[in-house]
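J.: For reference, the file model24.cif (mmCIF, C-alpha atoms) is included below:
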data_coords
#
loop_
_atom_site.label_atom_id
_atom_site.label_comp_id
_atom_site.auth_asym_id
_atom_site.auth_seq_id
_atom_site.Cartn_x
_atom_site.Cartn_y
_atom_site.Cartn_z
CA MET A 7 81.98 108.98 87.88
CA GLU A 8 84.48 110.09 85.24
CA LYS A 9 87.60 108.18 84.33
CA ILE A 10 90.37 110.78 84.42
CA ILE A 11 93.13 108.60 83.02
CA SER A 12 94.20 104.99 82.70
CA THR A 13 97.01 104.08 85.09
CA VAL A 14 98.28 101.21 82.90
CA GLY A 15 101.84 102.14 81.97
CA LEU A 16 101.33 105.65 83.37
CA PRO A 17 104.66 107.17 84.51
CA ARG A 18 104.69 107.70 88.28
CA GLN A 19 105.45 111.42 87.91
CA GLU A 20 102.36 111.85 85.72
CA TRP A 21 100.23 109.92 88.24
CA LEU A 22 101.49 112.15 91.05
CA LYS A 23 100.64 115.22 88.97
CA LYS A 24 97.07 114.03 88.36
CA ARG A 25 96.60 113.38 92.10
CA LYS A 26 97.04 117.12 92.68
CA THR A 27 93.77 117.82 90.86
CA GLY A 28 91.53 116.67 93.70
CA ILE A 29 91.22 115.07 97.13
CA GLY A 30 92.11 111.37 97.04
CA GLY A 31 91.29 108.51 99.38
CA SER A 32 94.47 108.83 101.45
CA ASP A 33 93.87 112.60 101.71
CA ALA A 34 90.32 112.20 103.06
CA GLY A 35 91.26 111.05 106.56
CA VAL A 36 93.87 113.81 106.79
CA VAL A 37 91.41 116.54 105.79
CA CYS A 38 88.96 115.18 108.39
CA GLY A 39 91.66 115.34 111.08
CA LEU A 40 91.70 111.57 111.64
CA ASN A 41 95.12 110.62 110.31
CA PRO A 42 97.68 110.42 113.15
CA TYR A 43 100.61 110.68 110.73
CA SER A 44 99.71 113.76 108.70
CA GLY A 45 97.85 117.07 108.83
CA ALA A 46 95.58 119.17 106.62
CA MET A 47 98.38 121.66 106.01
CA GLN A 48 100.39 118.91 104.29
CA VAL A 49 97.52 118.16 101.91
CA TYR A 50 97.06 121.89 101.26
CA ALA A 51 100.76 122.33 100.50
CA ASP A 52 100.72 119.37 98.12
CA LYS A 53 97.63 120.51 96.20
CA THR A 54 98.73 124.14 95.86
CA SER A 55 102.38 123.52 94.98
CA ASP A 56 103.78 122.95 91.50
CA GLU A 57 106.41 120.69 93.04
CA ILE A 58 105.88 116.96 92.50
CA SER A 59 106.72 115.26 95.78
CA ASP A 60 107.62 111.58 95.48
CA TYR A 61 108.11 110.74 99.15
CA ASP A 62 108.74 107.06 99.82
CA ASN A 63 109.89 104.86 102.69
CA GLU A 64 110.20 101.18 103.54
CA ALA A 65 106.65 100.91 104.89
CA LEU A 66 105.18 102.39 101.69
CA ARG A 67 107.38 100.14 99.56
CA GLN A 68 106.27 97.02 101.42
CA GLY A 69 102.65 98.12 101.15
CA ARG A 70 102.96 98.26 97.36
CA ASP A 71 104.88 95.00 97.12
CA PHE A 72 102.40 93.07 99.28
CA GLU A 73 99.27 94.50 97.67
CA ASP A 74 98.96 91.54 95.28
CA TYR A 75 99.43 89.09 98.13
CA VAL A 76 96.74 90.78 100.26
CA ALA A 77 94.32 90.74 97.31
CA LYS A 78 95.04 87.04 96.73
CA ARG A 79 94.47 86.18 100.39
CA PHE A 80 91.20 88.14 100.32
CA MET A 81 89.98 86.04 97.39
CA GLU A 82 91.00 82.82 99.19
CA GLU A 83 89.23 83.86 102.41
CA THR A 84 86.01 85.13 100.83
CA GLY A 85 85.63 83.25 97.55
CA LYS A 86 85.17 86.61 95.80
CA LYS A 87 87.03 87.64 92.67
CA VAL A 88 88.79 90.99 92.33
CA ARG A 89 90.29 92.90 89.43
CA ARG A 90 92.52 95.92 89.13
CA ALA A 91 90.71 99.18 88.47
CA ASN A 92 93.67 100.52 86.43
CA ALA A 93 92.28 104.06 86.42
CA LEU A 94 92.10 107.31 88.30
CA TYR A 95 88.47 108.35 88.73
CA ARG A 96 86.70 111.64 89.45
CA ASN A 97 83.15 112.13 90.70
CA GLU A 98 81.34 114.26 88.09
CA GLN A 99 78.94 115.84 90.59
CA TYR A 100 81.73 116.53 93.11
CA PRO A 101 84.79 117.00 90.87
CA PHE A 102 87.12 117.74 93.79
CA MET A 103 86.78 114.06 94.84
CA ILE A 104 89.10 111.62 93.03
CA ALA A 105 89.93 107.96 93.60
CA ASP A 106 92.57 105.41 92.69
CA VAL A 107 91.34 102.17 94.29
CA ASP A 108 93.42 99.03 94.78
CA ARG A 109 90.86 96.55 93.45
CA MET A 110 87.23 96.27 92.33
CA ILE A 111 85.05 93.30 93.31
CA VAL A 112 83.82 91.32 90.30
CA GLY A 113 80.00 91.08 90.20
CA GLU A 114 79.46 93.64 93.00
CA ARG A 115 79.25 97.39 93.27
CA ALA A 116 82.18 97.29 95.67
CA GLY A 117 85.93 97.74 95.95
CA LEU A 118 88.85 96.47 98.03
CA GLU A 119 91.52 98.40 99.90
CA CYS A 120 94.68 96.41 100.71
CA LYS A 121 96.75 97.23 103.79
CA THR A 122 99.90 95.92 105.47
CA VAL A 123 100.21 96.46 109.22
CA ASN A 124 103.15 96.08 111.61
CA LEU A 125 102.68 94.38 114.95
CA TYR A 126 102.84 97.67 116.86
CA ASN A 127 99.54 98.73 115.26
CA ALA A 128 97.79 95.35 115.50
CA ASP A 129 95.61 96.49 118.43
CA GLN A 130 93.91 99.03 116.15
CA TRP A 131 92.31 96.10 114.29
CA LYS A 132 91.17 93.94 117.21
CA ASP A 133 87.50 93.16 117.93
CA GLY A 134 86.38 94.17 114.45
CA GLN A 135 87.90 97.65 114.59
CA ILE A 136 89.24 99.61 111.62
CA PRO A 137 91.54 102.64 112.07
CA PRO A 138 89.36 105.74 111.53
CA HIS A 139 91.44 107.22 108.69
CA TYR A 140 91.21 103.93 106.78
CA MET A 141 87.46 103.83 107.37
CA ILE A 142 87.12 107.35 105.94
CA GLN A 143 89.26 106.33 102.97
CA CYS A 144 86.77 103.58 102.12
CA TYR A 145 83.76 105.91 102.50
CA HIS A 146 85.53 108.35 100.18
CA TYR A 147 85.90 105.64 97.52
CA MET A 148 82.23 104.69 97.88
CA ALA A 149 81.32 108.35 97.39
CA VAL A 150 83.48 108.84 94.30
CA LEU A 151 82.51 105.58 92.54
CA ASP A 152 78.92 105.42 93.88
CA LEU A 153 79.45 101.97 95.40
CA ASP A 154 77.20 99.97 97.74
CA CYS A 155 79.99 98.84 100.07
CA PHE A 156 83.74 98.56 100.38
CA TYR A 157 86.04 95.87 101.72
CA ILE A 158 89.32 96.38 103.50
CA ALA A 159 91.87 93.60 104.00
CA ALA A 160 94.95 93.82 106.19
CA LEU A 161 98.01 91.63 106.55
CA ILE A 162 99.40 91.99 110.07
CA PHE A 163 102.98 90.87 109.56
CA GLY A 164 103.76 87.60 111.26
CA LYS A 165 100.42 87.44 113.07
CA GLN A 166 97.24 87.23 111.01
CA PHE A 167 95.23 88.19 107.94
CA ILE A 168 91.91 89.97 108.47
CA TRP A 169 89.23 91.57 106.33
CA ARG A 170 86.20 93.72 107.01
CA GLN A 171 83.15 94.86 105.05
CA ILE A 172 82.03 98.49 105.32
CA GLU A 173 78.45 99.20 104.27
CA ARG A 174 77.50 102.45 102.59
CA ASP A 175 76.37 105.13 105.04
CA GLU A 176 74.66 108.06 103.32
CA GLU A 177 74.93 110.39 106.33
CA MET A 178 78.64 109.67 106.70
CA ILE A 179 79.23 110.22 102.98
CA MET A 180 77.23 113.47 103.00
CA ASN A 181 79.29 114.80 105.91
CA LEU A 182 82.51 113.73 104.21
CA ARG A 183 81.54 115.53 101.01
CA THR A 184 80.79 118.68 103.01
CA ILE A 185 84.18 118.63 104.75
CA GLU A 186 86.09 117.94 101.53
CA LYS A 187 84.12 120.59 99.61
CA ASP A 188 84.88 123.19 102.26
CA PHE A 189 88.58 122.28 102.25
CA TRP A 190 88.87 122.33 98.46
CA GLU A 191 86.82 125.47 97.74
CA ASN A 192 87.73 127.61 100.75
CA HIS A 193 91.37 126.63 101.15
CA VAL A 194 92.90 125.02 98.04
CA MET A 195 91.04 127.07 95.41
CA LYS A 196 91.35 130.35 97.35
CA ARG A 197 94.95 129.64 98.35
CA ILE A 198 94.06 130.18 102.01
CA PRO A 199 95.90 127.69 104.25
CA PRO A 200 93.95 125.78 106.91
CA ALA A 201 94.57 126.56 110.57
CA PRO A 202 97.92 125.17 111.78
CA ASP A 203 97.62 121.94 113.72
CA GLY A 204 101.02 121.57 115.35
CA SER A 205 102.27 119.12 112.72
CA GLU A 206 105.65 119.18 110.98
CA ALA A 207 103.76 119.92 107.75
CA SER A 208 102.46 123.15 109.29
CA ASP A 209 105.99 124.05 110.41
CA ARG A 210 107.37 123.48 106.91
CA TRP A 211 104.65 125.53 105.21
CA ILE A 212 105.03 128.46 107.61
CA ARG A 213 108.84 128.49 107.24
CA GLN A 214 108.54 128.47 103.45
CA ALA A 215 105.78 131.10 103.37
CA PHE A 216 107.55 133.54 105.71
CA PRO A 217 111.30 132.82 105.39
CA GLU A 218 112.59 136.25 106.48
CA ALA A 219 111.41 138.96 108.83
CA GLU A 220 111.36 142.61 107.84
CA LYS A 221 112.76 144.84 110.57
CA SER A 222 109.97 146.99 111.93
CA ALA A 223 108.34 148.23 115.10
CA PRO A 224 106.22 145.62 116.95
CA ILE A 225 102.74 145.19 115.52
CA PRO A 226 99.73 145.09 117.89
CA LEU A 227 99.04 141.64 119.33
CA TYR A 228 95.32 140.87 119.44
CA GLY A 229 93.40 137.76 120.45
CA PHE A 230 96.28 135.61 121.69
CA ASP A 231 96.31 136.14 125.46
CA GLU A 232 94.24 133.04 126.18
CA ARG A 233 96.32 130.88 123.81
CA LEU A 234 99.57 132.16 125.34
CA GLU A 235 98.30 131.39 128.83
CA ARG A 236 97.49 127.88 127.64
CA ARG A 237 100.99 127.60 126.15
CA LYS A 238 102.46 128.48 129.56
CA GLU A 239 100.35 125.74 131.16
CA VAL A 240 101.48 123.25 128.52
CA LEU A 241 105.15 124.09 129.14
CA GLU A 242 104.71 123.47 132.87
CA LEU A 243 102.98 120.18 132.17
CA MET A 244 105.75 119.18 129.75
CA LYS A 245 108.35 119.85 132.45
CA LYS A 246 106.48 117.63 134.91
CA LEU A 247 106.04 114.85 132.36
CA GLU A 248 109.69 115.07 131.30
CA MET A 249 110.75 114.74 134.95
CA GLU A 250 108.45 111.75 135.42
CA LYS A 251 109.86 110.14 132.27
CA SER A 252 113.43 110.75 133.51
CA GLN A 253 112.58 109.25 136.90
CA ILE A 254 111.30 106.04 135.31
CA GLU A 255 114.42 105.80 133.14
CA GLN A 256 116.67 106.39 136.15
CA GLU A 257 114.88 103.62 138.05
CA LEU A 258 115.52 101.28 135.12
CA GLN A 259 119.20 102.26 135.04
CA MET A 260 119.52 101.58 138.76
CA TYR A 261 117.85 98.21 138.25
CA LEU A 262 120.18 97.26 135.39
CA GLY A 263 123.33 98.41 137.18
CA ASP A 264 126.29 96.90 135.29
CA SER A 265 124.02 94.71 133.11
CA GLU A 266 123.50 95.63 129.48
CA ALA A 267 119.97 94.30 129.01
CA ALA A 268 116.79 93.19 130.75
CA GLN A 269 113.72 91.54 129.28
CA ASN A 270 110.33 90.08 130.13
CA GLU A 271 107.41 88.88 128.03
CA LYS A 272 106.33 92.48 127.29
CA TYR A 273 109.42 94.72 127.25
CA SER A 274 113.06 94.63 126.19
CA ILE A 275 115.41 97.14 127.84
CA LEU A 276 118.91 97.93 126.54
CA TRP A 277 121.50 100.16 128.24
CA LYS A 278 124.44 99.70 125.93
CA ASN A 279 127.87 101.30 125.71
CA VAL A 280 127.95 103.92 122.97
CA VAL A 281 131.09 105.65 121.72
CA SER A 282 130.61 108.77 119.61
CA SER A 283 132.80 111.51 118.22
CA ARG A 284 131.89 115.12 117.61
CA LEU A 285 133.71 118.06 116.17
CA ASP A 286 134.75 120.70 118.71
CA THR A 287 133.75 123.67 116.55
CA THR A 288 134.61 126.21 119.28
CA ARG A 289 138.20 125.01 119.45
CA LEU A 290 138.44 124.67 115.66
CA LYS A 291 137.23 128.24 115.17
CA LYS A 292 139.80 129.49 117.69
CA GLU A 293 142.85 127.46 116.61
CA GLU A 294 142.17 127.03 112.85
CA PRO A 295 139.96 129.96 111.82
CA GLU A 296 140.75 129.62 108.11
CA VAL A 297 139.78 125.93 108.09
CA TYR A 298 136.63 126.74 110.05
CA GLN A 299 135.61 129.47 107.60
CA LYS A 300 136.32 127.22 104.63
CA PHE A 301 133.89 124.51 105.78
CA ALA A 302 131.37 126.60 107.72
CA VAL A 303 127.83 126.52 106.31
CA LYS A 304 125.54 129.41 107.13
CA ASN A 305 121.84 128.71 107.63
CA SER A 306 119.22 131.42 107.73
CA SER A 307 116.08 130.86 109.79
CA ARG A 308 113.68 132.65 112.09
CA ARG A 309 113.54 132.05 115.86
CA LEU A 310 110.26 132.52 117.70
CA THR A 311 110.77 133.99 121.18
CA ILE A 312 107.89 134.50 123.62
CA LYS A 313 108.37 136.56 126.78
CA GLU A 314 105.80 137.57 129.35
CA ILE A 315 105.89 141.28 130.17
CA ALA A 316 105.77 141.86 133.91
#
Could you render the structure from this file as C-alpha cells?
T.:
Amino acid sequence: MEKIISTVGLPRQEWLKKRKTGIGGSDAGVVCGLNPYSGAMQVYADKTSDEISDYDNEALRQGRDFEDYVAKRFMEETGKKVRRANALYRNEQYPFMIADVDRMIVGERAGLECKTVNLYNADQWKDGQIPPHYMIQCYHYMAVLDLDCFYIAALIFGKQFIWRQIERDEEMIMNLRTIEKDFWENHVMKRIPPAPDGSEASDRWIRQAFPEAEKSAPIPLYGFDERLERRKEVLELMKKLEMEKSQIEQELQMYLGDSEAAQNEKYSILWKNVVSSRLDTTRLKKEEPEVYQKFAVKNSSRRLTIKEIA
C-alpha cells in the first residue's frame, strides 16, 4: 500500500479532493449495487466532477462525533488496543482503490470500522448479521491495506453495542477488485456513465448532462418496446398499491374518528389538525399582474412524456 497523504491537520476540502482520486470504502458498496441509500451514478458524478461536494446531515455528524466512543467501547469489550490510522492510503497494485480507515488494531494486521445505528435499522444487525454495504466496505479496506481481517463495531442508540469480526476472503476480494476496476477504467476514466438505476443521483446527472432539448424531428426509437411495456405494468401495479395504501389509511381514520391519536406496543398513529396557508397565484396573477411579474421566478426544465400510439 502507498500512503497518499497524512490526514492530521488536513483541511476537509483537501481531504474531499483527494477522495476523488479513487474508489473509497464507502463507495465500494455503492459501486457493487448494495447500498440502499445511494447509486453508482452518484459515485461516477462525484469522481468525474471538479466540484467538491461537502454534503452533511445530522446522522453523519453523529457518526463522526460518536466514533471515539465506539472505538473506546470496542477496546473495553475485546481487550484489544486501537490507534488512529491518520492517513489516506492507496493500493499500489490496484491504484484505483483507496482507503481512509477509522482505526487500526495494535499488534494485528487488522482494522476497525465504527458505526452508529438508529433503532429503525437495528434488525439489520440481529443474529450476527452485518448490512451488506458495510461488509463490502470492510473487504475493500482489507484489499487496500492487505489485512488479515477487519472488525466492525456498532452502537445501536439506546439499545446495545455490538461488534463483529470479518475474516479475509480471497474470492470475495478478487471479485470486488474486478467490479471496482471495471467501474473505474470503463466508466470514470472513459467518462462513460454507468447505466441509470432509478436513483435521485441518476436523475440529477441526466438533468445536468442534457439540460435543454434541441427542436428537431423525432429520432428513431429502437430497443425500448419491452422496457416500455414493463413501465406500463409498473404503473398499473403502482395504482393498485396506492389504492391499497389509501384503503388502509381510510380504515385507520374511521377507527380514530374524532380522536387525535392511537397507539399500541408497535405503532403510534396521529391524525392531527393542520392549518396551512398557500399563495393563490392564479388570483394574484389576475388581480395584481405587476406584483406577480415582479416576484415570479422562471424555471427551465425538460418534461418526459410517454404516449402509446394506437
J.: Using only C-alpha atoms, which of A:Leu243, A:Asp129, A:Tyr75, A:Asp154 sits nearest Glu114 of chain A?
T.: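 With only C-alpha atoms as the atom set, the closest residue is A:Asp154.
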J.: Would you please work out which residue, of A:Val112, A:Leu22, A:Val123, A:Leu94, is nearest to Met81 of chain A when using all atoms listed in the file?
T.: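 Of all the options, A:Val112 lies closest to Met81 of chain A.
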J.: With all atoms listed in the file as the counted atoms, please give the residues lying no more than 12 Å from Asn279 of chain A, apart from itself and same-chain residues fewer than 6 positions off, as a count of residues only.
T.: 4
J.: Could you give me, as a Markdown table, a per-residue list for segment 152-223 of chain A showing, wherever an atom lies at most 8 Å from an atom of segment 48-61 of chain A, the closest pair of atoms and their distance in Å to one decimal, using all atoms listed in the file and sorting by chain then residue number from low to high?
T.:
| residue | atom | partner | partner_atom | distance |
| --- | --- | --- | --- | --- |
| A:His193 | CA | A:Tyr50 | CA | 7.4 |
| A:Val194 | CA | A:Tyr50 | CA | 6.1 |
| A:Arg197 | CA | A:Thr54 | CA | 7.1 |
| A:Pro199 | CA | A:Tyr50 | CA | 6.6 |
| A:Pro200 | CA | A:Tyr50 | CA | 7.5 |
| A:Ala207 | CA | A:Gln48 | CA | 4.9 |
| A:Ser208 | CA | A:Gln48 | CA | 6.9 |
| A:Trp211 | CA | A:Ala51 | CA | 6.9 |
J.: I need the output of the PyMOL selection byres ((chain A and resi 127) around 12) for this file as a list in words; which residues are they?
T.: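 Checking the PyMOL selection byres ((chain A and resi 127) around 12) against this file, the residues are Lys121, Thr122, Val123, Asn124, Leu125, Tyr126, Ala128, Asp129, Gln130, Trp131, Lys132, Gln135, Ile136, Pro137, Ala160, Leu161, Ile162, Phe163 and Lys165 of chain A.
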J.: With the file shown as input, list the residues that the PyMOL selection byres ((chain A and resi 113) around 10) selects, as a tab-separated table (two decimals) with C-alpha atoms, in the coordinates of the input.
T.:
chain	number	residue	atom	x	y	z
A	86	LYS	CA	85.17	86.61	95.80
A	87	LYS	CA	87.03	87.64	92.67
A	88	VAL	CA	88.79	90.99	92.33
A	110	MET	CA	87.23	96.27	92.33
A	111	ILE	CA	85.05	93.30	93.31
A	112	VAL	CA	83.82	91.32	90.30
A	114	GLU	CA	79.46	93.64	93.00
A	115	ARG	CA	79.25	97.39	93.27
A	116	ALA	CA	82.18	97.29	95.67
J.: Apply the PyMOL selection byres ((chain A and resi 168-171) around 8) to the structure shown and report the selected residues as an NGL selection string.
T.: :A and (80 or 134 or 155-162 or 166-167 or 172-173)
J.: One decimal, Å: what's the distance from atom CA of Cys120 of chain A over to atom CA of Gly69 of chain A, could you say?
T.: 8.2 Å
J.: Between A:Ala34, A:Ala149, A:Val107, A:Ala215, which residue has the minimum interatomic distance to Ile198 of chain A, considering all atoms listed in the file?
T.: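 Distance minimum relative to Ile198 of chain A lands on A:Ala215.
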J.: What does the structure give for the distance between atom CA of Leu247 of chain A and atom CA of Lys272 of chain A, in Å to one decimal?
T.: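 Atom CA of Lys272 of chain A lies 22.9 Å from atom CA of Leu247 of chain A.
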J.: Using only C-alpha atoms, which of A:Met47, A:Met244, A:Ala302, A:Leu290 sits nearest Asp209 of chain A?
T.: A:Met47
J.: List the spatial neighbours of Gly263 of chain A as a tab-separated table (two decimals) with C-alpha atoms, keeping the file's coordinate frame - criterion: any atom at most 12 Å away, all atoms listed in the file, same-chain residues fewer than 6 positions off excluded.
T.:
chain	number	residue	atom	x	y	z
A	256	GLN	CA	116.67	106.39	136.15
A	257	GLU	CA	114.88	103.62	138.05
A	276	LEU	CA	118.91	97.93	126.54
A	277	TRP	CA	121.50	100.16	128.24
A	278	LYS	CA	124.44	99.70	125.93
J.: Which residues come within 8 Å of segment 175-188 of chain A, counting all atoms listed in the file, excluding same-chain residues fewer than 2 positions away, as a ChimeraX atom specification?
T.: /A:29,34,37-38,100,102-103,145-146,149,173,190-193
J.: If I take atom CA of Arg308 of chain A and atom CA of Phe216 of chain A, how far is one from the other in Å, to one decimal?
T.: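 Computing it gives 8.9 Å between the two atoms.
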J.: Which residue, A:Leu262, A:Pro217, A:Leu118, A:Asn63, has the smallest gap to Arg79 of chain A when you use all atoms listed in the file?
T.: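 Checking each candidate against Arg79 of chain A, we get A:Leu118 as the closest.
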